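> This is the content of coords-v5.pdb (PDB, C-alpha atoms, pLDDT in the B column):
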ATOM      1  CA  ALA Q  16      54.152  10.610-173.352  1.00 38.00           C
ATOM      2  CA  GLY Q  17      55.598   7.183-172.702  1.00 39.00           C
ATOM      3  CA  ALA Q  18      54.864   4.190-174.899  1.00 39.00           C
ATOM      4  CA  PHE Q  19      54.964   0.780-173.379  1.00 37.00           C
ATOM      5  CA  ILE Q  20      54.694  -2.785-174.619  1.00 37.00           C
ATOM      6  CA  SER Q  21      53.838  -5.377-172.005  1.00 37.00           C
ATOM      7  CA  ARG Q  22      55.256  -8.889-172.118  1.00 38.00           C
ATOM      8  CA  ARG Q  23      54.768 -10.626-168.772  1.00 38.00           C
ATOM      9  CA  ARG Q  24      55.522 -14.172-167.766  1.00 39.00           C
ATOM     10  CA  ASP Q  25      53.127 -16.097-165.617  1.00 39.00           C
ATOM     11  CA  ARG Q  26      53.848 -15.295-161.993  1.00 40.00           C
ATOM     12  CA  ARG Q  27      52.415 -16.321-158.662  1.00 39.00           C
ATOM     13  CA  HIS Q  28      51.623 -13.563-156.135  1.00 39.00           C
ATOM     14  CA  VAL Q  29      52.130 -14.545-152.487  1.00 39.00           C
ATOM     15  CA  ARG Q  30      50.887 -12.325-149.660  1.00 40.00           C
ATOM     16  CA  ILE Q  31      53.069 -12.256-146.569  1.00 36.00           C
ATOM     17  CA  GLY Q  32      51.656  -9.983-143.901  1.00 42.00           C
ATOM     18  CA  ALA Q  33      51.298  -6.533-145.389  1.00 44.00           C
ATOM     19  CA  ARG Q  34      53.707  -7.299-148.208  1.00 45.00           C
ATOM     20  CA  THR Q  35      53.098  -8.989-151.533  1.00 43.00           C
ATOM     21  CA  THR Q  36      55.947 -10.843-153.149  1.00 45.00           C
ATOM     22  CA  VAL Q  37      56.106 -12.285-156.629  1.00 45.00           C
ATOM     23  CA  ARG Q  38      57.707 -15.581-157.469  1.00 48.00           C
ATOM     24  CA  GLU Q  39      57.967 -17.539-160.652  1.00 50.00           C
ATOM     25  CA  GLY Q  40      55.548 -20.443-160.882  1.00 55.00           C
ATOM     26  CA  THR Q  41      54.025 -22.906-163.235  1.00 60.00           C
ATOM     27  CA  PRO Q  42      51.424 -21.511-165.657  1.00 65.00           C
ATOM     28  CA  SER Q  43      48.028 -21.125-164.045  1.00 75.00           C
ATOM     29  CA  ALA Q  44      44.863 -22.702-165.428  1.00 75.00           C
ATOM     30  CA  GLN Q  45      43.752 -19.251-166.575  1.00 74.00           C
ATOM     31  CA  SER Q  46      46.997 -18.584-168.446  1.00 75.00           C
ATOM     32  CA  MET Q  47      46.748 -21.991-170.113  1.00 75.00           C
ATOM     33  CA  HIS Q  48      43.164 -21.189-171.100  1.00 74.00           C
ATOM     34  CA  ASN Q  49      44.297 -17.860-172.549  1.00 75.00           C
ATOM     35  CA  GLN Q  50      47.005 -19.629-174.541  1.00 81.00           C
ATOM     36  CA  ASP Q  51      44.392 -22.001-175.973  1.00 80.00           C
ATOM     37  CA  ILE Q  52      42.247 -19.044-176.994  1.00 76.00           C
ATOM     38  CA  ARG Q  53      45.197 -17.295-178.662  1.00 77.00           C
ATOM     39  CA  GLU Q  54      46.098 -20.461-180.549  1.00 84.00           C
ATOM     40  CA  ALA Q  55      42.502 -20.928-181.716  1.00 80.00           C
ATOM     41  CA  VAL Q  56      42.370 -17.317-182.939  1.00 74.00           C
ATOM     42  CA  ARG Q  57      45.726 -17.721-184.684  1.00 79.00           C
ATOM     43  CA  ARG Q  58      44.463 -20.799-186.544  1.00 84.00           C
ATOM     44  CA  ARG Q  59      41.263 -18.991-187.544  1.00 77.00           C
ATOM     45  CA  ILE Q  60      43.218 -16.052-188.938  1.00 77.00           C
ATOM     46  CA  ILE Q  61      45.551 -18.354-190.891  1.00 82.00           C
ATOM     47  CA  GLU Q  62      42.638 -20.249-192.396  1.00 80.00           C
ATOM     48  CA  MET Q  63      40.845 -17.036-193.292  1.00 76.00           C
ATOM     49  CA  ALA Q  64      43.962 -15.484-194.846  1.00 78.00           C
ATOM     50  CA  LYS Q  65      44.361 -18.488-197.143  1.00 82.00           C
ATOM     51  CA  THR Q  66      41.215 -17.388-198.977  1.00 81.00           C
ATOM     52  CA  TRP Q  67      42.286 -13.763-199.446  1.00 77.00           C
ATOM     53  CA  PRO Q  68      44.368 -14.152-202.641  1.00 82.00           C
ATOM     54  CA  SER Q  69      41.214 -15.024-204.572  1.00 86.00           C
ATOM     55  CA  MET Q  70      39.148 -12.189-203.044  1.00 87.00           C
ATOM     56  CA  THR Q  71      38.644  -8.548-203.853  1.00 87.00           C
ATOM     57  CA  LEU Q  72      39.682  -6.011-201.239  1.00 82.00           C
ATOM     58  CA  ALA Q  73      36.028  -5.409-200.373  1.00 86.00           C
ATOM     59  CA  GLN Q  74      35.560  -9.135-199.755  1.00 86.00           C
ATOM     60  CA  ILE Q  75      38.718  -9.279-197.635  1.00 78.00           C
ATOM     61  CA  ARG Q  76      37.451  -6.417-195.493  1.00 84.00           C
ATOM     62  CA  ALA Q  77      34.103  -8.139-195.071  1.00 83.00           C
ATOM     63  CA  SER Q  78      35.743 -11.423-194.055  1.00 79.00           C
ATOM     64  CA  PHE Q  79      37.951  -9.560-191.565  1.00 76.00           C
ATOM     65  CA  GLU Q  80      34.891  -8.026-189.928  1.00 80.00           C
ATOM     66  CA  THR Q  81      33.092 -11.371-189.939  1.00 77.00           C
ATOM     67  CA  LEU Q  82      36.018 -12.949-188.105  1.00 72.00           C
ATOM     68  CA  LEU Q  83      36.424 -10.248-185.472  1.00 70.00           C
ATOM     69  CA  GLY Q  84      33.096  -8.421-185.538  1.00 66.00           C
ATOM     70  CA  THR Q  85      30.468  -8.658-182.848  1.00 63.00           C
ATOM     71  CA  ASP Q  86      26.882  -7.670-182.266  1.00 56.00           C
ATOM     72  CA  SER Q  87      27.556  -6.579-178.694  1.00 54.00           C
ATOM     73  CA  ARG Q  88      24.753  -4.714-176.955  1.00 50.00           C
ATOM     74  CA  THR Q  89      27.176  -2.494-175.085  1.00 52.00           C
ATOM     75  CA  ALA Q  90      25.918   1.081-174.929  1.00 51.00           C
ATOM     76  CA  GLN Q  91      27.283   3.160-177.741  1.00 69.00           C
ATOM     77  CA  ASN Q  92      26.857   6.565-179.320  1.00 86.00           C
ATOM     78  CA  CYS Q  93      27.990   6.919-182.928  1.00 91.00           C
ATOM     79  CA  PHE Q  94      28.586  10.224-184.669  1.00 93.00           C
ATOM     80  CA  CYS Q  95      31.113  11.928-186.978  1.00 95.00           C
ATOM     81  CA  ILE Q  96      34.204  13.988-186.284  1.00 94.00           C
ATOM     82  CA  ASP Q  97      34.909  16.096-189.376  1.00 90.00           C
ATOM     83  CA  ASP Q  98      33.276  13.387-191.559  1.00 90.00           C
ATOM     84  CA  ILE Q  99      35.230  10.674-189.713  1.00 93.00           C
ATOM     85  CA  PRO Q 100      32.887   7.975-188.310  1.00 94.00           C
ATOM     86  CA  ALA Q 101      33.398   7.637-184.564  1.00 95.00           C
ATOM     87  CA  CYS Q 102      31.733   5.781-181.740  1.00 94.00           C
ATOM     88  CA  TRP Q 103      31.699   6.049-177.959  1.00 94.00           C
ATOM     89  CA  ILE Q 104      31.766   2.678-176.206  1.00 91.00           C
ATOM     90  CA  ASP Q 105      30.670   2.370-172.588  1.00 86.00           C
ATOM     91  CA  ALA Q 106      30.774  -0.862-170.629  1.00 74.00           C
ATOM     92  CA  GLY Q 107      28.905  -0.735-167.343  1.00 67.00           C
ATOM     93  CA  THR Q 108      28.406   1.949-164.763  1.00 54.00           C
ATOM     94  CA  GLY Q 109      30.753   3.784-162.441  1.00 57.00           C
ATOM     95  CA  LEU Q 110      33.031   4.883-165.250  1.00 67.00           C
ATOM     96  CA  ASN Q 111      36.162   6.794-164.305  1.00 72.00           C
ATOM     97  CA  ASP Q 112      36.916  10.230-165.668  1.00 85.00           C
ATOM     98  CA  GLY Q 113      38.929  10.198-168.861  1.00 92.00           C
ATOM     99  CA  ALA Q 114      38.893   8.375-172.164  1.00 96.00           C
ATOM    100  CA  ILE Q 115      40.784   5.886-174.296  1.00 97.00           C
ATOM    101  CA  LEU Q 116      41.269   6.877-177.927  1.00 98.00           C
ATOM    102  CA  TYR Q 117      41.494   3.587-179.813  1.00 97.00           C
ATOM    103  CA  PHE Q 118      43.350   3.198-183.130  1.00 97.00           C
ATOM    104  CA  HIS Q 119      42.265  -0.044-184.809  1.00 95.00           C
ATOM    105  CA  GLY Q 120      44.690  -2.262-186.699  1.00 89.00           C
ATOM    106  CA  GLY Q 121      44.315  -3.981-190.052  1.00 87.00           C
ATOM    107  CA  GLY Q 122      47.429  -3.273-192.086  1.00 81.00           C
ATOM    108  CA  TYR Q 123      46.115   0.176-193.105  1.00 88.00           C
ATOM    109  CA  GLN Q 124      43.759  -1.585-195.563  1.00 86.00           C
ATOM    110  CA  THR Q 125      41.218  -3.341-193.334  1.00 85.00           C
ATOM    111  CA  GLY Q 126      39.667  -2.878-189.919  1.00 87.00           C
ATOM    112  CA  SER Q 127      36.953  -0.657-188.506  1.00 91.00           C
ATOM    113  CA  ILE Q 128      34.962   0.162-185.405  1.00 90.00           C
ATOM    114  CA  ARG Q 129      32.938  -3.002-185.995  1.00 88.00           C
ATOM    115  CA  SER Q 130      35.908  -5.341-186.347  1.00 89.00           C
ATOM    116  CA  HIS Q 131      37.427  -4.054-183.099  1.00 91.00           C
ATOM    117  CA  PHE Q 132      34.202  -3.397-181.218  1.00 90.00           C
ATOM    118  CA  ASP Q 133      34.564  -6.424-178.938  1.00 88.00           C
ATOM    119  CA  LEU Q 134      38.153  -5.522-178.042  1.00 91.00           C
ATOM    120  CA  MET Q 135      37.197  -1.915-177.302  1.00 93.00           C
ATOM    121  CA  THR Q 136      34.268  -3.115-175.205  1.00 91.00           C
ATOM    122  CA  ARG Q 137      36.548  -5.309-173.110  1.00 90.00           C
ATOM    123  CA  LEU Q 138      39.005  -2.431-172.684  1.00 92.00           C
ATOM    124  CA  ALA Q 139      36.194  -0.166-171.509  1.00 92.00           C
ATOM    125  CA  ALA Q 140      35.000  -2.783-169.020  1.00 90.00           C
ATOM    126  CA  ALA Q 141      38.480  -3.548-167.679  1.00 91.00           C
ATOM    127  CA  ALA Q 142      39.500   0.090-167.301  1.00 91.00           C
ATOM    128  CA  GLN Q 143      36.018   1.359-166.364  1.00 90.00           C
ATOM    129  CA  ILE Q 144      36.532   4.197-168.784  1.00 92.00           C
ATOM    130  CA  ARG Q 145      34.930   5.261-172.042  1.00 93.00           C
ATOM    131  CA  VAL Q 146      36.575   4.258-175.311  1.00 95.00           C
ATOM    132  CA  LEU Q 147      36.353   6.381-178.453  1.00 96.00           C
ATOM    133  CA  GLY Q 148      36.871   4.367-181.626  1.00 96.00           C
ATOM    134  CA  PHE Q 149      37.016   5.883-185.095  1.00 95.00           C
ATOM    135  CA  ASN Q 150      37.308   4.797-188.732  1.00 93.00           C
ATOM    136  CA  TYR Q 151      40.273   6.403-190.443  1.00 90.00           C
ATOM    137  CA  ARG Q 152      40.477   6.255-194.236  1.00 86.00           C
ATOM    138  CA  LEU Q 153      42.041   3.087-195.614  1.00 83.00           C
ATOM    139  CA  ALA Q 154      44.525   2.380-198.396  1.00 77.00           C
ATOM    140  CA  PRO Q 155      44.729   1.921-201.316  1.00 82.00           C
ATOM    141  CA  GLY Q 156      41.621   3.991-202.027  1.00 77.00           C
ATOM    142  CA  HIS Q 157      42.966   6.701-199.752  1.00 78.00           C
ATOM    143  CA  ARG Q 158      46.703   7.015-200.088  1.00 81.00           C
ATOM    144  CA  PHE Q 159      49.147   8.264-197.455  1.00 80.00           C
ATOM    145  CA  PRO Q 160      48.787  10.531-195.538  1.00 73.00           C
ATOM    146  CA  ALA Q 161      45.001  10.076-195.406  1.00 75.00           C
ATOM    147  CA  ALA Q 162      45.015   7.853-192.306  1.00 78.00           C
ATOM    148  CA  SER Q 163      47.534  10.177-190.643  1.00 76.00           C
ATOM    149  CA  ASP Q 164      45.365  13.198-191.389  1.00 81.00           C
ATOM    150  CA  ASP Q 165      42.293  11.562-189.799  1.00 83.00           C
ATOM    151  CA  ARG Q 166      43.847  10.695-186.448  1.00 88.00           C
ATOM    152  CA  LEU Q 167      44.727  14.151-185.051  1.00 93.00           C
ATOM    153  CA  PRO Q 168      41.165  15.544-185.402  1.00 94.00           C
ATOM    154  CA  ALA Q 169      39.956  12.725-183.138  1.00 95.00           C
ATOM    155  CA  TYR Q 170      42.427  13.770-180.438  1.00 97.00           C
ATOM    156  CA  ARG Q 171      41.583  17.435-180.885  1.00 96.00           C
ATOM    157  CA  TRP Q 172      37.894  16.556-180.564  1.00 96.00           C
ATOM    158  CA  LEU Q 173      38.492  14.994-177.145  1.00 97.00           C
ATOM    159  CA  LEU Q 174      40.522  18.003-176.016  1.00 97.00           C
ATOM    160  CA  ASN Q 175      37.760  20.349-177.201  1.00 96.00           C
ATOM    161  CA  HIS Q 176      35.030  18.379-175.427  1.00 95.00           C
ATOM    162  CA  GLY Q 177      36.120  18.571-171.849  1.00 93.00           C
ATOM    163  CA  TYR Q 178      38.955  16.040-171.673  1.00 95.00           C
ATOM    164  CA  ALA Q 179      42.375  17.140-170.483  1.00 96.00           C
ATOM    165  CA  ALA Q 180      45.381  15.528-172.111  1.00 97.00           C
ATOM    166  CA  GLN Q 181      46.210  13.921-168.751  1.00 96.00           C
ATOM    167  CA  GLN Q 182      42.854  12.094-168.888  1.00 96.00           C
ATOM    168  CA  ILE Q 183      43.431  10.540-172.306  1.00 97.00           C
ATOM    169  CA  ALA Q 184      45.227   7.317-173.203  1.00 97.00           C
ATOM    170  CA  PHE Q 185      46.107   6.241-176.740  1.00 98.00           C
ATOM    171  CA  VAL Q 186      45.662   2.518-177.387  1.00 98.00           C
ATOM    172  CA  GLY Q 187      46.154   0.728-180.697  1.00 97.00           C
ATOM    173  CA  ASP Q 188      47.044  -2.609-182.216  1.00 94.00           C
ATOM    174  CA  SER Q 189      49.324  -3.443-185.133  1.00 92.00           C
ATOM    175  CA  ALA Q 190      49.083  -0.664-187.747  1.00 93.00           C
ATOM    176  CA  GLY Q 191      46.794   1.212-185.374  1.00 95.00           C
ATOM    177  CA  ALA Q 192      49.487   1.129-182.700  1.00 96.00           C
ATOM    178  CA  ALA Q 193      51.902   2.756-185.137  1.00 94.00           C
ATOM    179  CA  LEU Q 194      49.280   5.418-185.847  1.00 94.00           C
ATOM    180  CA  ALA Q 195      48.821   5.993-182.114  1.00 96.00           C
ATOM    181  CA  LEU Q 196      52.552   6.543-181.680  1.00 95.00           C
ATOM    182  CA  ALA Q 197      52.734   8.807-184.717  1.00 94.00           C
ATOM    183  CA  THR Q 198      49.723  10.792-183.466  1.00 95.00           C
ATOM    184  CA  ALA Q 199      51.469  11.500-180.163  1.00 96.00           C
ATOM    185  CA  VAL Q 200      54.474  12.818-182.101  1.00 95.00           C
ATOM    186  CA  ARG Q 201      52.266  14.865-184.415  1.00 94.00           C
ATOM    187  CA  ALA Q 202      50.358  16.302-181.451  1.00 96.00           C
ATOM    188  CA  ARG Q 203      53.657  17.380-179.899  1.00 95.00           C
ATOM    189  CA  ASP Q 204      54.760  19.004-183.154  1.00 95.00           C
ATOM    190  CA  ALA Q 205      51.411  20.820-183.352  1.00 95.00           C
ATOM    191  CA  GLY Q 206      51.927  22.269-179.886  1.00 96.00           C
ATOM    192  CA  LEU Q 207      49.302  20.084-178.214  1.00 96.00           C
ATOM    193  CA  SER Q 208      49.798  18.489-174.830  1.00 95.00           C
ATOM    194  CA  PRO Q 209      50.635  14.781-175.128  1.00 95.00           C
ATOM    195  CA  PRO Q 210      48.234  12.097-173.864  1.00 97.00           C
ATOM    196  CA  ALA Q 211      48.806  10.601-170.425  1.00 97.00           C
ATOM    197  CA  CYS Q 212      50.126   7.335-171.855  1.00 97.00           C
ATOM    198  CA  LEU Q 213      50.187   5.007-174.853  1.00 97.00           C
ATOM    199  CA  ALA Q 214      49.521   1.272-174.869  1.00 97.00           C
ATOM    200  CA  LEU Q 215      50.826  -0.283-178.077  1.00 96.00           C
ATOM    201  CA  LEU Q 216      49.679  -3.824-178.842  1.00 94.00           C
ATOM    202  CA  SER Q 217      52.014  -5.618-181.277  1.00 90.00           C
ATOM    203  CA  PRO Q 218      52.858  -2.310-182.979  1.00 92.00           C
ATOM    204  CA  TRP Q 219      53.776  -2.464-186.651  1.00 88.00           C
ATOM    205  CA  ILE Q 220      56.622   0.011-186.451  1.00 86.00           C
ATOM    206  CA  ASP Q 221      59.084  -1.592-188.872  1.00 83.00           C
ATOM    207  CA  LEU Q 222      57.396  -1.074-192.223  1.00 80.00           C
ATOM    208  CA  SER Q 223      60.461  -2.464-193.987  1.00 84.00           C
ATOM    209  CA  MET Q 224      59.663  -5.802-192.271  1.00 80.00           C
ATOM    210  CA  ARG Q 225      63.391  -6.501-191.964  1.00 83.00           C
ATOM    211  CA  GLY Q 226      63.727  -6.500-188.191  1.00 78.00           C
ATOM    212  CA  ARG Q 227      64.334  -9.681-186.211  1.00 78.00           C
ATOM    213  CA  SER Q 228      61.119  -9.146-184.252  1.00 69.00           C
ATOM    214  CA  TYR Q 229      58.904  -9.052-187.353  1.00 62.00           C
TER     215      TYR Q 229
END
Render the structure in this file as structure tokens.


Amino acid sequence: AGAFISRRRDRRHVRIGARTTVREGTPSAQSMHNQDIREAVRRRIIEMAKTWPSMTLAQIRASFETLLGTDSRTAQNCFCIDDIPACWIDAGTGLNDGAILYFHGGGYQTGSIRSHFDLMTRLAAAAQIRVLGFNYRLAPGHRFPAASDDRLPAYRWLLNHGYAAQQIAFVGDSAGAALALATAVRARDAGLSPPACLALLSPWIDLSMRGRSY
């Protein structure tokens, strides 16, 4: 399986006959709008995090879900995989074969299906494919390797319910991205076929937090 991290500059696509060339250009209105959204989200997270030192962990988790959570009406089907809460997320019709297994972020202490529901919904809509989200156990109440132990059953469940490894993509953000990468390695070590690909969004790989990119 190949992991990739996408960092693309704004480019302008120009069609010439049957060919399409790409040339560098000034940022489009859409890219500027996206930058404004990212900056607004960044400010919201900073303001929210300022209140965390005076909160309990339960309150921090609740505030995290309030910030990112949504009451989307996207079709969903929630159930359990070996006592692990999971949820199918569909967005629209004409879905392609296959599935995305989503590993939510949150520093291994926060995050859930609810906090990342909107993101998973948008992934499902963009890819026209079903997304399976799940709640792995969180620290510090559940110490390592609890989260690691919860992730492989979710992949096995997909394999045992009609999905070939080539039809499955692992996607995760932050700590979840690290779990997605580790799950691919653990699946290999367990003799399972690897997923078709991994998409790692700002993966928290350097737990020592000493790297230049941190």

> Using only C-alpha atoms, which residues of segment 53-118 of chain Q come within 8 Å of segment 165-173 of chain Q, and what is the closest atom pair for each, with the distance in Å to one decimal? Give it as a tab-separated table, sorted by chain and residue number.


residue	atom	partner	partner_atom	distance
Q:Ile96	CA	Q:Ala169	CA	6.7
Q:Asp97	CA	Q:Pro168	CA	7.4
Q:Ile99	CA	Q:Asp165	CA	7.1
Q:Leu116	CA	Q:Tyr170	CA	7.4

> What residues come out when you apply the PyMOL selection byres ((chain Q and resi 69-81) around 9) to this file, written as a list in words?

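Selected by the PyMOL selection byres ((chain Q and resi 69-81) around 9) here: Ile60, Met63, Ala64, Lys65, Thr66, Trp67, Pro68, Leu82, Leu83, Gly84, Thr85, Gly121, Gln124, Thr125, Gly126, Ser127, Arg129, Ser130 and His131 of chain Q.
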
> Take the residues that were just selected and, keeping C-alpha atoms, output them as a PDB file, in the coordinates of the input.


ATOM      1  CA  ILE Q  60      43.218 -16.052-188.938  1.00 77.00           C
ATOM      2  CA  MET Q  63      40.845 -17.036-193.292  1.00 76.00           C
ATOM      3  CA  ALA Q  64      43.962 -15.484-194.846  1.00 78.00           C
ATOM      4  CA  LYS Q  65      44.361 -18.488-197.143  1.00 82.00           C
ATOM      5  CA  THR Q  66      41.215 -17.388-198.977  1.00 81.00           C
ATOM      6  CA  TRP Q  67      42.286 -13.763-199.446  1.00 77.00           C
ATOM      7  CA  PRO Q  68      44.368 -14.152-202.641  1.00 82.00           C
ATOM      8  CA  LEU Q  82      36.018 -12.949-188.105  1.00 72.00           C
ATOM      9  CA  LEU Q  83      36.424 -10.248-185.472  1.00 70.00           C
ATOM     10  CA  GLY Q  84      33.096  -8.421-185.538  1.00 66.00           C
ATOM     11  CA  THR Q  85      30.468  -8.658-182.848  1.00 63.00           C
ATOM     12  CA  GLY Q 121      44.315  -3.981-190.052  1.00 87.00           C
ATOM     13  CA  GLN Q 124      43.759  -1.585-195.563  1.00 86.00           C
ATOM     14  CA  THR Q 125      41.218  -3.341-193.334  1.00 85.00           C
ATOM     15  CA  GLY Q 126      39.667  -2.878-189.919  1.00 87.00           C
ATOM     16  CA  SER Q 127      36.953  -0.657-188.506  1.00 91.00           C
ATOM     17  CA  ARG Q 129      32.938  -3.002-185.995  1.00 88.00           C
ATOM     18  CA  SER Q 130      35.908  -5.341-186.347  1.00 89.00           C
ATOM     19  CA  HIS Q 131      37.427  -4.054-183.099  1.00 91.00           C
TER      20      HIS Q 131
END

> Using all atoms listed in the file, list the residues that have an atom at most 9 Å from (48.2, 2.2, -179.4), coordinates as in the file, as number ranges by chain.

Q: 18, 116-119, 184-196, 213-218

> Between atom CA of Leu174 of chain Q and atom CA of Asp204 of chain Q, what is the spacing in Å?

16.0 Å

> In Å, with one decimal, what is the gap from atom CA of Ile183 of chain Q to atom CA of Arg152 of chain Q?

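Atom CA of Arg152 of chain Q lies 22.5 Å from atom CA of Ile183 of chain Q.
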
> Quick one: everything within 7 Å of Pro100 of chain Q, counting all atoms listed in the file, minus sequence neighbours fewer than 4 positions away in the same chain. Send it as a list in words.

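Residues meeting the cut-off are Phe94, Cys95, Ile96, Phe149 and Asn150 of chain Q.
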
> Print the selection's residues with C-alpha atoms to a file, as a short mmCIF file (atom, residue, chain, number, x, y, z; two decimals), in the coordinates of the input.


data_model
loop_
_atom_site.label_atom_id
_atom_site.label_comp_id
_atom_site.auth_asym_id
_atom_site.auth_seq_id
_atom_site.Cartn_x
_atom_site.Cartn_y
_atom_site.Cartn_z
CA PHE Q 94 28.59 10.22 -184.67
CA CYS Q 95 31.11 11.93 -186.98
CA ILE Q 96 34.20 13.99 -186.28
CA PHE Q 149 37.02 5.88 -185.10
CA ASN Q 150 37.31 4.80 -188.73
#

> Please report the interatomic distance between atom CA of Ala197 of chain Q and atom CA of Pro160 of chain Q in Å with one decimal.

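Straight-line distance from atom CA of Ala197 of chain Q to atom CA of Pro160 of chain Q works out to 11.6 Å.
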
> Produce the centre coordinates and the three edge lengths, each in Å to one decimal, of the box along x, y and z that contains all listed atoms of segment 57-71 of chain Q with 3 Å added on each side, as JSON.


{"center_x": 42.2, "center_y": -14.7, "center_z": -194.6, "size_x": 13.1, "size_y": 18.3, "size_z": 25.9}

> Given the choices Q:Asp105, Q:Asp164, Q:Ala179, Q:Ala139, which gets closest to Arg201 of chain Q if the distance is worked out from all atoms listed in the file?

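Among the listed residues, Q:Asp164 lies closest to Arg201 of chain Q.
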
> Of the candidates Q:Ala199, Q:Ala205, Q:Leu138, Q:Met224, which shows the shortest atom-to-atom distance to Ala106 of chain Q, using all atoms listed in the file?

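Among Q:Ala199, Q:Ala205, Q:Leu138, Q:Met224, it is Q:Leu138 that comes nearest to Ala106 of chain Q.
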
> Applied to the shown file, which residues does the PyMOL selection byres ((chain Q and resi 144) around 8) return, written as a list of chain:residue names?

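This file gives the following for the PyMOL selection byres ((chain Q and resi 144) around 8): Q:Asp105, Q:Ala106, Q:Leu110, Q:Asn111, Q:Asp112, Q:Gly113, Q:Ala114, Q:Ile115, Q:Ala139, Q:Ala140, Q:Ala142, Q:Gln143, Q:Arg145, Q:Val146.
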
> For Phe132 of chain Q, which residue out of Q:Tyr151, Q:His157, Q:Trp103, Q:Ala211 is the nearest one, using all atoms listed in the file?

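The shortest atom-to-atom distance to Phe132 of chain Q comes from Q:Trp103.
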
> Between Q:Cys212, Q:Tyr123, Q:Ile128, Q:Ala55, which has the minimum distance to Ala161 of chain Q (counting all atoms listed in the file)?

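Using all atoms listed in the file, Ala161 of chain Q sits closest to Q:Tyr123.
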